[in-house]
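*Asks:* The structure is given below, and queries will be raised subsequently.
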Amino acid sequence: MSKKQKTIKKPVTLSGKGLHTGLQVDLTFRPAPENHGYVFKRVDLENGPLIHALSKNVTDTSRGTTVAENGARIGTIEHVMAALYGLEIDNVLMEINGPEAPIIDGSAKFVVKALKEAGLVEQKENRNYFELTEKINYSDPDKGIDITIFPDDKFSANVMIDYNSKVLGHQYASLGKMNDFENEIAPCRTFVFFHELEFLLKNDLIKGGDLENAIVILDHEVPQEELDRIADLFNKPRIKRNSEGVLNNLDMYFSNEPARHKLLDMLGDLALIGRPIKGKLIASRPGHYANTQLARKVSNLIKETEKKNIFPEYDLQALPVLNIMQIMALLPHRPPFLLVDKIVAMTDSSIVGVKNVTMNEGFFMGHFPGEPIMPGVLIVEAMAQVGGILVLNSVPDPENYSTYFLKIDKVKFKRKVIPGDTIVFKLEYLAPVRRGIVYMFGQAFVGDELAMEGEMMAQIARNRKA
């Protein structure tokens with residue numbers, strides 16, 4: 001059963017300081033209609049500009065993820081986004097009166113708590129999952145970063161971190177199902193190394209930083225006097241190093257809390273894809289830049305896929321561009337191997353053709369008795385014939401040429417074709433024709449469903465004289 005989109009039942013507000021700006025902000029989550037997505041609204045600015053939380057709007061990833069649109073920006077959004085993504089909330093308007101989301105305790109725990117108190121409600125539309133059909137990868141070998149999403153029928157994530165720290169060591173974290181997010185991932189706080197604190201503070205990079213909203217890791221021995229000095233800088237009580245190599249003002253929720261927090265960050269950044277995905281995520285040393293680059297890759301793939309999968313509309317009452325007699329004047333094929341009935345649209349680089357599938361087709365006698373299914377190889381052949389018409393239409397004397405297909409690649413069958421179906425083929429050039437070689441991408445639709453797709457390479461050649 002398909003999952004439905006979700007929003008919240010009523011508005012809820014969170015308040016706190018921005019980690020980097022130190023500004024006190026109020027963030028109000030409001031219900032939103034189906035297919036609205038995640039949208040911020042800067043209510044402190046004139047006309048309340050909207051900022052869509054999408055990978056294309058990412059402008060900075062140096063110490064968190066920042067998005068900008070319509071002359072406004074909002075920073076450090078990853079924990080808020082992770083809470084929405086982890087609770088499988090699809091649509092929400094977020095009104096904020098400052099340039100940065102509140103850091104609170106450095107995790108997503110309190111965001112999750114607030115959203116659950118507001119209540120979640122199912123909407124009428126189905127969740128618009130994107131199911132990967134091939135792996136997508138982002139890597140930076142120099143930094144040891146490698147993130148890959150593999151096709152799968154559900155979402156899961158595995159993260160490994162390694163900071164060459166004897167305190168952290170190699171840490172792993174995993175999320176097998178979203179139901180575990182609230183208890184296993186959401187409470188995990190951000191972390192910082194002790195040696196970074198003073199630099200960050202003196203360079204105004206953590207004006208809202210607090211020893212209580214981050215786990216501070218001491219990866220080497222630090223004199224107590226230095227610990228005292230840093231505590232004084234933050235106007236906090238004196239602290240000590242504990243046996244785990246972290247400051248003793250906070251207790252670790254999990255032995256691998258830093259790795260779990262990195263997984264949390266990844267979920268927040270992947271939320272910028274704009275749609276939930278199905279795939280198995282495996283990440284080594286992820287960070288905001290790498291995460292958002294991967295999200296952008298997936299977003300671009302979705303855009304390309306949706307563009308390709310638009311059913312070619314045509315008027316059933318209109319005269320065809322080419323009828324069956326005109327097709328026979330172009331192609332050498334004849335019944336029972338002529339598998340195109342008419343051409344309904346054609347430009348210099350694309351074509352749409354139609355094949356009506358009836359029980360009278362000879363191949364149904366043996367494929368299969370009692371369960372007639374059009375052979376996949378003949379669907380490919382029909383598509384090739386439509387493509388051949390497009391190619392032959394590019395020469396002034398098509399009767400003197402033939403097309404010979406050299407390669408068929410990346411063919412995928414999505415549904416079976418049976419008697420009574422009408423197949424609509426859409427093909428377009430992937431590159432200009434060069435030296436008689438043609439590359440095309442083709443799709444076969446039955447109704448508005450994609451039945452088959454694939455890439456083809458063909459050669460156009462002059463016929464030999466008899």
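All residue names refer to the structure tokens as shown: chains lettered A, B, ... in order, residues numbered from 1 in each chain, ligands numbered from 1 in order.
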Taking 3 positions as the minimum chain separation for residues in the same chain, which residues sit within 12 Å of A:Gln459 when counting only C-alpha atoms? Answer as an mmCIF file with C-alpha atoms, in the first residue's frame.
*Replies:*
data_model
loop_
_atom_site.group_PDB
_atom_site.id
_atom_site.type_symbol
_atom_site.label_atom_id
_atom_site.label_comp_id
_atom_site.auth_asym_id
_atom_site.auth_seq_id
_atom_site.Cartn_x
_atom_site.Cartn_y
_atom_site.Cartn_z
ATOM 1 C CA ALA A 384 13.944 0.714 -34.077
ATOM 2 C CA GLY A 387 13.821 5.501 -35.236
ATOM 3 C CA GLY A 388 14.659 4.397 -38.766
ATOM 4 C CA VAL A 391 16.863 8.870 -39.693
ATOM 5 C CA LEU A 392 15.614 8.382 -43.246
ATOM 6 C CA TYR A 401 19.135 4.535 -48.061
ATOM 7 C CA SER A 402 18.630 2.029 -45.256
ATOM 8 C CA THR A 403 19.359 2.163 -41.530
ATOM 9 C CA TYR A 404 21.281 -0.597 -39.796
ATOM 10 C CA PHE A 405 21.262 -0.721 -36.028
ATOM 11 C CA LEU A 406 24.728 -1.236 -34.590
ATOM 12 C CA LYS A 407 24.051 -1.316 -30.854
ATOM 13 C CA VAL A 433 24.230 12.783 -36.871
ATOM 14 C CA ARG A 434 27.917 12.491 -37.715
ATOM 15 C CA ARG A 435 29.415 10.446 -40.567
ATOM 16 C CA GLY A 436 26.217 8.505 -40.909
ATOM 17 C CA ILE A 437 26.204 7.402 -37.239
ATOM 18 C CA VAL A 438 23.114 8.133 -35.174
ATOM 19 C CA TYR A 439 22.570 7.932 -31.386
ATOM 20 C CA MET A 440 18.991 7.915 -30.097
ATOM 21 C CA MET A 456 20.219 2.874 -29.840
ATOM 22 C CA ARG A 462 23.264 4.071 -49.255
#
*Asks:* Just want the 10 Å neighbourhood of stretch 444-448 of chain A, counted on only C-alpha atoms, with same-chain residues fewer than 2 positions away dropped. Output as a short mmCIF file (atom, residue, chain, number, x, y, z; two decimals) with C-alpha atoms, in the first residue's frame.
*Replies:*
data_model
loop_
_atom_site.label_atom_id
_atom_site.label_comp_id
_atom_site.auth_asym_id
_atom_site.auth_seq_id
_atom_site.Cartn_x
_atom_site.Cartn_y
_atom_site.Cartn_z
CA ASN A 309 9.14 10.17 -18.94
CA ILE A 310 6.61 12.70 -20.18
CA PHE A 311 4.02 10.86 -22.25
CA PRO A 312 3.89 12.35 -25.76
CA GLU A 313 0.38 13.73 -26.18
CA VAL A 352 6.52 9.89 -32.16
CA GLY A 353 5.09 6.71 -33.69
CA VAL A 354 2.18 4.38 -32.88
CA LYS A 355 1.77 0.60 -32.97
CA ILE A 379 8.96 -3.99 -28.94
CA VAL A 380 12.62 -3.07 -29.45
CA ALA A 382 9.16 -1.61 -33.43
CA MET A 383 11.02 1.20 -31.70
CA PHE A 413 11.27 -3.25 -19.64
CA LYS A 414 8.78 -1.70 -17.21
CA ARG A 415 5.49 -3.46 -18.03
CA LYS A 416 4.18 -6.16 -20.33
CA VAL A 417 2.39 -5.36 -23.60
CA ILE A 418 -0.73 -7.38 -24.39
CA ASP A 421 -2.65 -2.09 -26.05
CA THR A 422 -1.53 0.86 -28.13
CA ILE A 423 2.20 1.51 -27.92
CA VAL A 424 3.36 5.09 -28.41
CA PHE A 425 7.06 5.36 -29.22
CA LYS A 426 9.02 8.54 -28.55
CA LEU A 427 12.61 8.83 -29.83
CA GLY A 442 13.74 5.86 -27.14
CA LEU A 450 6.44 3.67 -19.46
CA ALA A 451 6.66 0.14 -20.92
CA MET A 452 10.24 0.13 -22.22
CA GLU A 453 13.22 2.44 -22.76
CA GLY A 454 16.68 2.15 -24.23
#
*Asks:* Which residues are near A:Ala318? Cut-off 12 Å, only C-alpha atoms, ignore same chain within fewer than 5 positions. Put them as a PyMOL selection string.
*Replies:* chain A and resi 313+323+342-345
*Asks:* Would you kindly return, as number ranges by chain, each protein, DNA or RNA residue with an atom no farther than 12 Å from any atom of A:Asn400, considering only C-alpha atoms and excluding same-chain residues fewer than 3 positions away?
*Replies:* A: 329-332, 392-393, 395-397, 403, 460-466
*Asks:* Residues near stretch 359-361 of chain A, anyone? I mean within 12 Å using only C-alpha atoms, not counting same-chain ones fewer than 4 positions away, as a PyMOL selection string.
*Replies:* chain A and resi 335-339+355+365-375+378+417-421
*Asks:* Write to file, as a tab-separated table (two decimals), in the first residue's frame, the residues of the selection just made, with N, CA and C atoms.
*Replies:*
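Generated file (out_33.tsv):
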chain	number	residue	atom	x	y	z
A	335	PRO	N	4.57	-6.50	-43.84
A	335	PRO	CA	3.88	-7.44	-42.94
A	335	PRO	C	4.37	-8.86	-43.21
A	336	PRO	N	4.51	-9.68	-42.17
A	336	PRO	CA	4.09	-9.41	-40.79
A	336	PRO	C	5.18	-8.74	-39.93
A	337	PHE	N	6.23	-8.18	-40.58
A	337	PHE	CA	7.33	-7.62	-39.79
A	337	PHE	C	7.36	-6.09	-39.83
A	338	LEU	N	6.30	-5.50	-40.34
A	338	LEU	CA	6.18	-4.05	-40.27
A	338	LEU	C	5.43	-3.72	-38.98
A	339	LEU	N	6.09	-3.08	-38.05
A	339	LEU	CA	5.55	-2.93	-36.69
A	339	LEU	C	5.26	-1.48	-36.31
A	355	LYS	N	2.00	2.00	-32.58
A	355	LYS	CA	1.77	0.60	-32.97
A	355	LYS	C	0.54	0.10	-32.22
A	365	MET	N	0.44	-16.57	-31.23
A	365	MET	CA	0.12	-18.00	-31.28
A	365	MET	C	1.05	-18.82	-30.39
A	366	GLY	N	2.29	-18.37	-30.27
A	366	GLY	CA	3.23	-19.14	-29.46
A	366	GLY	C	3.81	-18.38	-28.29
A	367	HIS	N	3.39	-17.12	-28.09
A	367	HIS	CA	4.01	-16.27	-27.04
A	367	HIS	C	2.94	-15.49	-26.29
A	368	PHE	N	2.24	-16.07	-25.41
A	368	PHE	CA	2.24	-17.48	-24.99
A	368	PHE	C	0.78	-17.95	-25.07
A	369	PRO	N	0.51	-19.19	-25.43
A	369	PRO	CA	-0.87	-19.68	-25.47
A	369	PRO	C	-1.54	-19.51	-24.10
A	370	GLY	N	-2.69	-18.84	-24.10
A	370	GLY	CA	-3.40	-18.61	-22.84
A	370	GLY	C	-2.93	-17.39	-22.07
A	371	GLU	N	-1.78	-16.85	-22.44
A	371	GLU	CA	-1.22	-15.67	-21.76
A	371	GLU	C	-0.46	-14.84	-22.79
A	372	PRO	N	-1.18	-14.21	-23.75
A	372	PRO	CA	-0.51	-13.50	-24.84
A	372	PRO	C	0.27	-12.27	-24.37
A	373	ILE	N	1.56	-12.25	-24.68
A	373	ILE	CA	2.44	-11.14	-24.32
A	373	ILE	C	3.31	-10.82	-25.53
A	374	MET	N	3.40	-9.56	-25.89
A	374	MET	CA	4.25	-9.18	-27.01
A	374	MET	C	5.72	-9.36	-26.62
A	375	PRO	N	6.51	-10.11	-27.41
A	375	PRO	CA	7.92	-10.32	-27.06
A	375	PRO	C	8.67	-9.00	-26.95
A	378	LEU	N	10.49	-7.71	-29.97
A	378	LEU	CA	9.69	-7.09	-31.02
A	378	LEU	C	9.29	-5.66	-30.65
A	417	VAL	N	3.28	-5.86	-22.56
A	417	VAL	CA	2.39	-5.36	-23.60
A	417	VAL	C	1.52	-6.52	-24.07
A	418	ILE	N	0.21	-6.31	-24.08
A	418	ILE	CA	-0.73	-7.38	-24.39
A	418	ILE	C	-1.70	-6.93	-25.48
A	419	PRO	N	-2.47	-7.88	-26.08
A	419	PRO	CA	-3.46	-7.50	-27.09
A	419	PRO	C	-4.41	-6.42	-26.58
A	420	GLY	N	-4.70	-5.44	-27.44
A	420	GLY	CA	-5.55	-4.32	-27.05
A	420	GLY	C	-4.77	-3.08	-26.67
A	421	ASP	N	-3.47	-3.24	-26.40
A	421	ASP	CA	-2.65	-2.09	-26.05
A	421	ASP	C	-2.27	-1.29	-27.30
*Asks:* Calculated over only C-alpha atoms, which of the candidates A:Val121, A:Asp409, A:Val340, A:Ala214 has the smallest distance to A:Met325?
*Replies:*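 Using only C-alpha atoms, the shortest distance to A:Met325 belongs to A:Val340.
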*Asks:* Determine, counting only C-alpha atoms, which protein, DNA and RNA residues have an atom within 8 Å of an atom of stretch 296-303 of chain A; residues of the same chain fewer than 3 positions away are not included. Present the result as a ChimeraX atom specification.
*Replies:* /A:55-56,130,136,273-274,292-293,306-307
*Asks:* Go ahead and write the selection's residues with C-alpha atoms as an mmCIF file, in the first residue's frame.
*Replies:*
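Listing of again26.cif after writing:
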data_model
loop_
_atom_site.group_PDB
_atom_site.id
_atom_site.type_symbol
_atom_site.label_atom_id
_atom_site.label_comp_id
_atom_site.auth_asym_id
_atom_site.auth_seq_id
_atom_site.Cartn_x
_atom_site.Cartn_y
_atom_site.Cartn_z
ATOM 1 C CA SER A 55 20.010 21.350 -3.390
ATOM 2 C CA LYS A 56 20.077 23.874 -6.253
ATOM 3 C CA PHE A 130 12.326 8.385 -6.413
ATOM 4 C CA ILE A 136 25.038 7.300 -7.903
ATOM 5 C CA ILE A 273 16.676 16.472 -3.011
ATOM 6 C CA GLY A 274 13.051 17.516 -2.557
ATOM 7 C CA THR A 292 24.905 18.362 -0.975
ATOM 8 C CA GLN A 293 26.867 17.534 -4.120
ATOM 9 C CA GLU A 306 10.962 13.250 -15.405
ATOM 10 C CA LYS A 307 11.732 15.111 -18.609
#
*Asks:* Skipping near chain neighbours, those fewer than 6 positions away, what residues fall within 7 Å of A:Ile215 using only C-alpha atoms, listed as a list in words?
*Replies:*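 Using only C-alpha atoms, the neighbours found are Arg189, Thr190, Phe191 and Val192 of chain A.
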*Asks:* Hey, can you check how far atom CA of A:Leu322 sits from atom CA of A:Phe364?
*Replies:*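 Between atom CA of A:Leu322 and atom CA of A:Phe364 the gap works out to 27.0 Å.
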